[in-house]
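One structure is given below, encoded as structure tokens.
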Amino acid sequence: QVQLVESGGELVQPGGSLRLSCVASRHVLDYYDIGWFRQAPGKEREGLSSIRSDDGGTFYVDSVKSRFTISRDKSKNTVYLQMNSLKPEDTAVYFCAARPNYHNDFGRAPLIDFGFWGQGTQVTVSS
């Protein structure tokens, strides 16, 4: 059973940093790619980044590539999203999600077919 629990969201000032955590149920990181997504009020959900189960390969959308870093600690069943230089437009509910390992197709389709979702964590960037 795939279960995901996000944490780490809070109110932060512009220019600040946050690290979000996504704790997965046991062995999920061995067989599932993990992605980070966000949804701001009145906007569609947006894919941000993903990490491949096989080798930890990563993908970022251009809008966050220079500011966000995805990583994982398999010993803790946890995937992280380090967010730096936060802007008010980063305000959103952030979700992690899982999909069965895409193997060699990861690079072709890094942010689709994620069917298992956490409950989300609120990030607010405001002075």
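FYI, nothing fancy with the structure tokens labels: chains A, B, ... in order, residues from 1 per chain, ligands from 1 as they appear.
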
TODO: Can you check which residues of chain A DSSP gives as strand (DSSP E or B) on the backbone and send them as a PyMOL selection string?
DONE: chain A and resi 4-7+11-12+18-24+32-39+46-51+58-60+68-73+78-83+92-100+116-117+121-125

Saved selection, atoms kept: C-alpha atoms, as a short mmCIF file (atom, residue, chain, number, x, y, z; two decimals), in the first residue's frame:
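Listing of again12.cif after writing:
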```
data_model
loop_
_atom_site.label_atom_id
_atom_site.label_comp_id
_atom_site.auth_asym_id
_atom_site.auth_seq_id
_atom_site.Cartn_x
_atom_site.Cartn_y
_atom_site.Cartn_z
CA LEU A 4 2.58 9.51 1.52
CA VAL A 5 2.68 12.17 4.23
CA GLU A 6 4.01 15.67 3.58
CA SER A 7 5.23 18.11 6.19
CA LEU A 11 4.77 30.89 6.64
CA VAL A 12 8.09 32.23 5.42
CA LEU A 18 11.98 25.80 3.51
CA ARG A 19 12.54 22.08 3.33
CA LEU A 20 9.48 19.95 2.70
CA SER A 21 9.44 16.27 3.60
CA CYS A 22 7.46 13.44 2.08
CA VAL A 23 7.50 10.27 4.17
CA ALA A 24 6.49 7.22 2.18
CA TYR A 32 8.07 4.21 -7.22
CA ASP A 33 9.16 7.52 -8.70
CA ILE A 34 8.24 10.45 -6.47
CA GLY A 35 7.12 13.85 -7.66
CA TRP A 36 6.45 17.20 -6.05
CA PHE A 37 3.50 19.29 -7.20
CA ARG A 38 1.76 22.42 -6.00
CA GLN A 39 -1.58 24.09 -6.35
CA GLU A 46 1.57 22.36 -11.30
CA GLY A 47 4.30 19.74 -11.48
CA LEU A 48 7.64 20.90 -10.09
CA SER A 49 10.14 18.11 -9.77
CA SER A 50 10.53 14.35 -9.66
CA ILE A 51 13.08 11.75 -8.65
CA THR A 58 16.01 14.09 -11.05
CA PHE A 59 13.91 16.46 -13.12
CA TYR A 60 12.88 20.07 -12.56
CA PHE A 68 14.51 23.97 -5.63
CA THR A 69 16.34 20.70 -4.99
CA ILE A 70 14.74 17.27 -4.71
CA SER A 71 16.54 14.54 -2.80
CA ARG A 72 15.81 11.34 -0.95
CA ASP A 73 16.95 9.32 2.02
CA THR A 78 11.70 10.20 2.81
CA VAL A 79 11.91 12.51 -0.19
CA TYR A 80 12.74 16.16 0.39
CA LEU A 81 12.15 19.36 -1.52
CA GLN A 82 14.58 22.09 -0.52
CA MET A 83 13.21 25.44 -1.57
CA ALA A 92 0.54 27.10 -2.60
CA VAL A 93 -0.36 23.73 -1.17
CA TYR A 94 2.51 21.39 -1.96
CA PHE A 95 1.90 17.71 -2.62
CA CYS A 96 4.12 14.72 -3.10
CA ALA A 97 2.96 11.88 -5.28
CA ALA A 98 4.11 8.46 -6.42
CA ARG A 99 3.92 6.36 -9.58
CA PRO A 100 5.35 2.96 -10.45
CA PHE A 116 -0.83 8.13 -5.28
CA TRP A 117 -1.00 11.42 -3.43
CA THR A 121 1.28 20.94 3.13
CA GLN A 122 0.66 24.68 2.99
CA VAL A 123 3.51 27.01 2.06
CA THR A 124 2.88 30.73 2.41
CA VAL A 125 5.48 33.24 1.32
#
```
